[in-house]
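Content type TSV, C-alpha atoms, from the file protein.tsv:
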chain	number	residue	atom	x	y	z
A	1435	GLU	CA	0.00	0.00	0.00
A	1436	THR	CA	1.70	3.15	-1.18
A	1437	GLY	CA	-0.93	5.68	-0.13
A	1438	VAL	CA	-1.79	6.35	-3.78
A	1439	THR	CA	-4.60	4.25	-5.21
A	1440	GLN	CA	-5.48	3.98	-8.87
A	1441	THR	CA	-8.58	2.42	-10.39
A	1442	PRO	CA	-9.17	0.46	-12.45
A	1443	ARG	CA	-5.98	-1.60	-12.53
A	1444	HIS	CA	-6.74	-2.86	-16.03
A	1445	LEU	CA	-8.88	-1.34	-18.77
A	1446	VAL	CA	-9.65	-2.45	-22.29
A	1447	MET	CA	-11.51	0.06	-24.41
A	1448	GLY	CA	-12.49	0.55	-27.99
A	1449	MET	CA	-11.38	3.56	-29.97
A	1450	THR	CA	-14.86	5.12	-29.79
A	1451	ASN	CA	-15.35	4.60	-26.07
A	1452	LYS	CA	-15.13	7.15	-23.27
A	1453	LYS	CA	-13.62	6.08	-19.99
A	1454	SER	CA	-11.97	7.64	-16.96
A	1455	LEU	CA	-9.00	6.70	-14.81
A	1456	LYS	CA	-9.10	7.61	-11.15
A	1457	CYS	CA	-6.31	8.37	-8.70
A	1458	GLU	CA	-6.68	9.03	-4.99
A	1459	GLN	CA	-4.00	9.88	-2.46
A	1460	HIS	CA	-4.27	9.82	1.31
A	1461	LEU	CA	-0.90	11.38	2.04
A	1462	GLY	CA	-1.90	15.02	2.39
A	1463	HIS	CA	0.10	15.96	-0.68
A	1464	ASN	CA	-0.60	19.10	-2.72
A	1465	ALA	CA	0.84	18.05	-6.08
A	1466	MET	CA	-0.40	15.28	-8.36
A	1467	TYR	CA	0.90	13.97	-11.67
A	1468	TRP	CA	-0.02	11.72	-14.57
A	1469	TYR	CA	2.74	9.74	-16.27
A	1470	LYS	CA	2.57	7.44	-19.29
A	1471	GLN	CA	4.81	4.38	-19.39
A	1472	SER	CA	4.94	2.54	-22.70
A	1473	ALA	CA	6.72	-0.77	-23.15
A	1474	LYS	CA	10.48	-0.39	-22.81
A	1475	LYS	CA	10.21	3.42	-22.75
A	1476	PRO	CA	10.92	5.97	-20.04
A	1477	LEU	CA	8.31	7.54	-17.84
A	1478	GLU	CA	6.72	10.40	-19.76
A	1479	LEU	CA	5.25	13.25	-17.77
A	1480	MET	CA	1.78	14.15	-19.04
A	1481	PHE	CA	0.14	16.56	-16.62
A	1482	VAL	CA	1.03	18.34	-13.40
A	1483	TYR	CA	-1.29	19.77	-10.80
A	1484	ASN	CA	0.03	21.96	-8.00
A	1485	PHE	CA	-2.59	22.97	-5.38
A	1486	LYS	CA	-5.42	21.69	-7.65
A	1487	GLU	CA	-4.35	23.93	-10.51
A	1488	GLN	CA	-3.04	22.44	-13.71
A	1489	THR	CA	0.43	23.84	-14.07
A	1490	GLU	CA	1.73	21.76	-16.93
A	1491	ASN	CA	0.42	20.00	-20.00
A	1492	ASN	CA	3.34	18.27	-21.65
A	1493	SER	CA	1.99	18.51	-25.22
A	1494	VAL	CA	-0.55	15.79	-24.55
A	1495	PRO	CA	-3.23	15.22	-27.24
A	1496	SER	CA	-6.67	16.56	-26.39
A	1497	ARG	CA	-8.14	13.04	-26.33
A	1498	PHE	CA	-6.64	12.94	-22.80
A	1499	SER	CA	-8.37	15.33	-20.43
A	1500	PRO	CA	-7.29	15.61	-16.78
A	1501	GLU	CA	-9.42	16.78	-13.89
A	1502	CYS	CA	-8.42	17.57	-10.33
A	1503	PRO	CA	-11.53	18.37	-8.23
A	1504	ASN	CA	-9.56	18.52	-4.97
A	1505	SER	CA	-6.05	17.92	-3.73
A	1506	SER	CA	-6.75	14.23	-3.03
A	1507	HIS	CA	-8.26	13.17	-6.34
A	1508	LEU	CA	-7.09	13.19	-9.91
A	1509	PHE	CA	-8.86	11.87	-12.98
A	1510	LEU	CA	-7.80	11.22	-16.54
A	1511	HIS	CA	-10.72	11.26	-18.97
A	1512	LEU	CA	-10.17	9.32	-22.16
A	1513	HIS	CA	-12.05	9.53	-25.45
A	1514	THR	CA	-11.43	8.41	-29.02
A	1515	LEU	CA	-8.08	6.91	-28.15
A	1516	GLN	CA	-5.71	5.26	-30.58
A	1517	PRO	CA	-4.04	1.85	-30.26
A	1518	GLU	CA	-0.69	3.58	-29.66
A	1519	ASP	CA	-2.17	5.04	-26.48
A	1520	SER	CA	-2.04	1.57	-24.95
A	1521	ALA	CA	0.34	1.84	-21.99
A	1522	LEU	CA	0.63	1.85	-18.23
A	1523	TYR	CA	-0.70	5.12	-16.82
A	1524	LEU	CA	0.82	6.04	-13.48
A	1525	CYS	CA	-0.42	8.61	-11.03
A	1526	ALA	CA	1.96	10.13	-8.49
A	1527	SER	CA	1.73	12.67	-5.71
A	1528	SER	CA	4.14	14.74	-3.65
A	1529	GLN	CA	4.46	17.86	-1.63
A	1530	VAL	CA	5.10	21.02	-3.59
A	1531	GLN	CA	8.44	21.31	-1.94
A	1532	GLU	CA	11.94	20.87	-3.12
A	1533	ASN	CA	13.81	17.74	-2.22
A	1534	THR	CA	10.84	15.53	-1.45
A	1535	GLU	CA	10.06	12.31	-3.19
A	1536	ALA	CA	7.13	11.28	-5.34
A	1537	PHE	CA	4.79	8.46	-4.37
A	1538	PHE	CA	3.31	6.38	-7.16
A	1539	GLY	CA	0.13	4.42	-7.56
A	1540	GLN	CA	0.12	0.90	-8.99
A	1541	GLY	CA	-0.97	2.19	-12.38
A	1542	THR	CA	-3.75	1.41	-14.83
A	1543	ARG	CA	-2.81	-0.94	-17.67
A	1544	LEU	CA	-4.76	0.46	-20.64
A	1545	THR	CA	-5.31	-1.45	-23.85
A	1546	VAL	CA	-7.00	0.30	-26.77
A	1547	VAL	CA	-8.50	-2.06	-29.33
B	455	GLN	CA	15.14	16.70	-21.58
B	456	GLN	CA	15.21	13.47	-19.67
B	457	PRO	CA	18.38	12.39	-17.89
B	458	VAL	CA	20.11	9.57	-19.75
B	459	GLN	CA	20.89	6.36	-17.90
B	460	SER	CA	23.47	3.73	-18.72
B	461	PRO	CA	23.51	0.87	-19.21
B	462	GLN	CA	20.01	0.38	-20.62
B	463	ALA	CA	19.94	-3.17	-19.31
B	464	VAL	CA	22.16	-5.43	-17.26
B	465	ILE	CA	22.04	-9.08	-16.22
B	466	LEU	CA	23.84	-10.21	-13.09
B	467	ARG	CA	24.34	-13.36	-11.10
B	468	GLU	CA	23.49	-13.26	-7.43
B	469	GLY	CA	26.33	-11.75	-5.46
B	470	GLU	CA	27.70	-9.67	-8.33
B	471	ASP	CA	27.97	-5.89	-8.28
B	472	ALA	CA	26.49	-3.33	-10.67
B	473	VAL	CA	26.70	0.40	-11.30
B	474	ILE	CA	23.96	2.44	-12.94
B	475	ASN	CA	24.80	5.89	-14.19
B	476	CYS	CA	22.55	8.89	-14.66
B	477	SER	CA	23.65	11.91	-16.66
B	478	SER	CA	21.80	15.16	-17.26
B	479	SER	CA	22.34	17.93	-19.81
B	480	LYS	CA	20.75	20.36	-17.38
B	481	ALA	CA	21.89	21.30	-13.91
B	482	LEU	CA	20.84	18.79	-11.28
B	483	TYR	CA	19.95	20.26	-7.91
B	484	SER	CA	18.96	16.94	-6.43
B	485	VAL	CA	18.80	13.36	-7.63
B	486	HIS	CA	16.21	10.75	-6.75
B	487	TRP	CA	16.48	7.02	-7.36
B	488	TYR	CA	13.49	4.71	-7.77
B	489	ARG	CA	13.03	1.02	-8.47
B	490	GLN	CA	10.05	-0.46	-10.29
B	491	LYS	CA	9.38	-4.16	-10.20
B	492	HIS	CA	7.39	-5.65	-13.04
B	493	GLY	CA	3.71	-4.79	-12.71
B	494	GLU	CA	4.26	-2.63	-9.63
B	495	ALA	CA	4.53	1.04	-8.79
B	496	PRO	CA	7.96	2.71	-8.77
B	497	VAL	CA	9.27	2.84	-5.22
B	498	PHE	CA	11.52	5.56	-3.86
B	499	LEU	CA	15.01	4.42	-2.87
B	500	MET	CA	16.88	7.55	-1.90
B	501	ILE	CA	17.49	11.20	-2.59
B	502	LEU	CA	20.79	13.06	-2.82
B	503	LEU	CA	20.58	16.74	-2.15
B	504	LYS	CA	23.97	18.15	-2.89
B	505	GLY	CA	27.11	17.50	-4.80
B	506	GLY	CA	29.52	15.11	-3.24
B	507	GLU	CA	26.83	13.47	-1.18
B	508	GLN	CA	26.83	9.73	-0.90
B	509	LYS	CA	24.05	7.70	0.61
B	510	GLY	CA	23.12	4.12	1.03
B	511	HIS	CA	21.05	1.58	2.80
B	512	ASP	CA	21.58	-2.14	2.90
B	513	LYS	CA	23.82	-2.82	-0.10
B	514	ILE	CA	22.50	-0.08	-2.36
B	515	SER	CA	24.23	3.28	-2.36
B	516	ALA	CA	24.51	6.30	-4.59
B	517	SER	CA	26.73	9.28	-5.26
B	518	PHE	CA	26.07	12.66	-6.78
B	519	ASN	CA	28.58	14.72	-8.75
B	520	GLU	CA	26.87	18.08	-9.09
B	521	LYS	CA	29.56	19.63	-11.28
B	522	LYS	CA	29.41	16.81	-13.81
B	523	GLN	CA	25.60	16.67	-13.52
B	524	GLN	CA	25.86	12.97	-12.88
B	525	SER	CA	24.78	10.43	-10.31
B	526	SER	CA	25.59	6.77	-9.93
B	527	LEU	CA	23.74	3.97	-8.15
B	528	TYR	CA	25.83	1.13	-6.75
B	529	LEU	CA	24.38	-2.30	-6.05
B	530	THR	CA	26.75	-4.62	-4.25
B	531	ALA	CA	26.38	-8.36	-3.68
B	532	SER	CA	23.15	-8.26	-5.65
B	533	GLN	CA	20.15	-10.28	-4.55
B	534	LEU	CA	17.26	-11.69	-6.60
B	535	SER	CA	15.04	-9.01	-5.05
B	536	TYR	CA	17.09	-6.28	-6.76
B	537	SER	CA	15.63	-7.17	-10.16
B	538	GLY	CA	13.56	-4.41	-11.69
B	539	THR	CA	13.88	-1.17	-13.57
B	540	TYR	CA	15.81	1.63	-11.93
B	541	PHE	CA	15.06	5.26	-12.63
B	542	CYS	CA	16.95	8.35	-11.65
B	543	GLY	CA	14.95	11.51	-11.44
B	544	THR	CA	15.10	15.08	-10.42
B	545	GLY	CA	12.61	17.47	-8.94
B	546	THR	CA	12.50	20.83	-10.62
B	547	THR	CA	10.82	24.06	-9.67
B	548	SER	CA	11.20	25.88	-12.97
B	549	GLY	CA	7.69	27.27	-13.42
B	550	THR	CA	6.00	24.39	-11.67
B	551	TYR	CA	7.08	21.68	-9.29
B	552	LYS	CA	7.43	18.36	-11.12
B	553	TYR	CA	9.61	15.28	-11.48
B	554	ILE	CA	11.50	14.35	-14.60
B	555	PHE	CA	12.76	10.78	-14.78
B	556	GLY	CA	15.65	9.22	-16.60
B	557	THR	CA	15.52	6.71	-19.41
B	558	GLY	CA	15.61	3.73	-17.04
B	559	THR	CA	17.90	0.73	-16.54
B	560	ARG	CA	16.48	-2.80	-16.54
B	561	LEU	CA	18.33	-4.99	-14.06
B	562	LYS	CA	17.87	-8.74	-13.83
B	563	VAL	CA	19.55	-10.83	-11.17
B	564	LEU	CA	19.82	-14.54	-11.85
B	565	ALA	CA	20.25	-17.28	-9.27
Please go through the file and, once you have read it, give me the structure as structure tokens.
Amino acid sequence: ETGVTQTPRHLVMGMTNKKSLKCEQHLGHNAMYWYKQSAKKPLELMFVYNFKEQTENNSVPSRFSPECPNSSHLFLHLHTLQPEDSALYLCASSQVQENTEAFFGQGTRLTVV
Amino acid sequence: QQPVQSPQAVILREGEDAVINCSSSKALYSVHWYRQKHGEAPVFLMILLKGGEQKGHDKISASFNEKKQQSSLYLTASQLSYSGTYFCGTGTTSGTYKYIFGTGTRLKVLA
């Protein structure tokens, strides 16, 4: 148990579907992040939220839409995805403070068919 | 730009040592190391806050050369449980607080 919980753990969706990934942290952190991890590739930062405000969108296509209703919850809304979007999506949280570590959720394994 | 790690992959026998390097083209103000086992979340190992610092716990240690913008992770007398992918990372406050991770090193320890 890392204190960061992601649901669902696995998701298979068609290219015309709409789905959402959920992330919840119980660590009292004020920063949350979405990362994409494709097979044999590095962790790619997608979105950053500091104090519930989106502070970075790392050139992510608009078919990915994040939402952060409060400092404990983060969503990633998905629609009209492509097969190349299949990957492990990791949520992380931290304090907005230098020299502190990030805590990761277990990830959602997404397969787009 | 992501820090670059080397080697990309390494296979060891139990009891052997390994070194994983992390090099950045930008200034590093701190270095984090994480390990991710297959199908699991990355787990924080340690953080180095200033140049010249060395840290370790158990048989895993790290060093940070701030001037060279490099860090190295040392695994001695490796155990089966060390298998996984290792990432270096850095926290940055340029504009927004976020973590950028390195390219990753896949480590496999064989019995």
Mind dumping a table of every chain B residue within 7 Å of chain A, with the nearest atom pair and its distance in Å to one decimal, using all atoms listed in the file, sorted by chain and rising number, as a Markdown table?
| residue | atom | partner | partner_atom | distance |
| --- | --- | --- | --- | --- |
| B:Ser484 | CA | A:Asn1533 | CA | 6.7 |
| B:Glu494 | CA | A:Gln1540 | CA | 5.5 |
| B:Ala495 | CA | A:Gln1540 | CA | 4.4 |
| B:Pro496 | CA | A:Phe1538 | CA | 6.1 |
| B:Phe498 | CA | A:Glu1535 | CA | 6.9 |
| B:Leu503 | CA | A:Asn1533 | CA | 6.8 |
| B:Gly545 | CA | A:Glu1532 | CA | 6.8 |
| B:Thr550 | CA | A:Thr1489 | CA | 6.1 |
| B:Tyr551 | CA | A:Val1530 | CA | 6.1 |
| B:Lys552 | CA | A:Val1482 | CA | 6.8 |
| B:Phe555 | CA | A:Leu1477 | CA | 6.3 |
| B:Gly556 | CA | A:Pro1476 | CA | 6.7 |
| B:Thr557 | CA | A:Pro1476 | CA | 4.7 |
| B:Gly558 | CA | A:Pro1476 | CA | 6.0 |
Could you save those same residues with C-alpha atoms as a short mmCIF file (atom, residue, chain, number, x, y, z; two decimals), in the frame of the given file?
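out01.cif was written with the following content:
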data_model
loop_
_atom_site.label_atom_id
_atom_site.label_comp_id
_atom_site.auth_asym_id
_atom_site.auth_seq_id
_atom_site.Cartn_x
_atom_site.Cartn_y
_atom_site.Cartn_z
CA SER B 484 18.96 16.94 -6.43
CA GLU B 494 4.26 -2.63 -9.63
CA ALA B 495 4.53 1.04 -8.79
CA PRO B 496 7.96 2.71 -8.77
CA PHE B 498 11.52 5.56 -3.86
CA LEU B 503 20.58 16.74 -2.15
CA GLY B 545 12.61 17.47 -8.94
CA THR B 550 6.00 24.39 -11.67
CA TYR B 551 7.08 21.68 -9.29
CA LYS B 552 7.43 18.36 -11.12
CA PHE B 555 12.76 10.78 -14.78
CA GLY B 556 15.65 9.22 -16.60
CA THR B 557 15.52 6.71 -19.41
CA GLY B 558 15.61 3.73 -17.04
#
What is the atom CA of Leu1515 of chain A-atom CA of Met1449 of chain A distance in Å, reported with one decimal?
-> 5.0 Å
Between A:Asn1451, A:Leu1508, A:Val1546, A:Ala1521, which has the minimum distance to Thr1439 of chain A (counting all atoms listed in the file)?
-> A:Leu1508
Find, counting all atoms listed in the file, the residue in B:Ala516, B:Gly469, B:Lys521, B:Lys504 that gets nearest to Ala481 of chain B.
->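 The shortest atom-to-atom distance to Ala481 of chain B comes from B:Lys521.
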So which residues fall inside 7 Å of (25.4, -2.9, -4.6) if we count only C-alpha atoms? Mind giving them as a list in words?
-> Asp471, Ala472, Lys513, Ile514, Ser515, Tyr528, Leu529, Thr530, Ala531 and Ser532 of chain B
To one decimal place, how far is atom CA of Gln523 of chain B from atom CA of His1463 of chain A in Å?
-> 28.6 Å
Between atom CA of Gln1516 of chain A and atom CA of Val1547 of chain A, what is the distance, to one decimal in Å?
-> 7.9 Å
Selected residue of minimal separation from Leu502 of chain B among B:Leu466, B:Leu534, B:Lys522, B:Cys542, counting only C-alpha atoms | B:Cys542
Go through B:Gln455, B:Val464, B:Tyr536, B:Arg560 one by one, measure the shortest atom-to-atom distance of each to Ala1473 of chain A using only C-alpha atoms, and give the residue with the smallest value.
-> B:Arg560
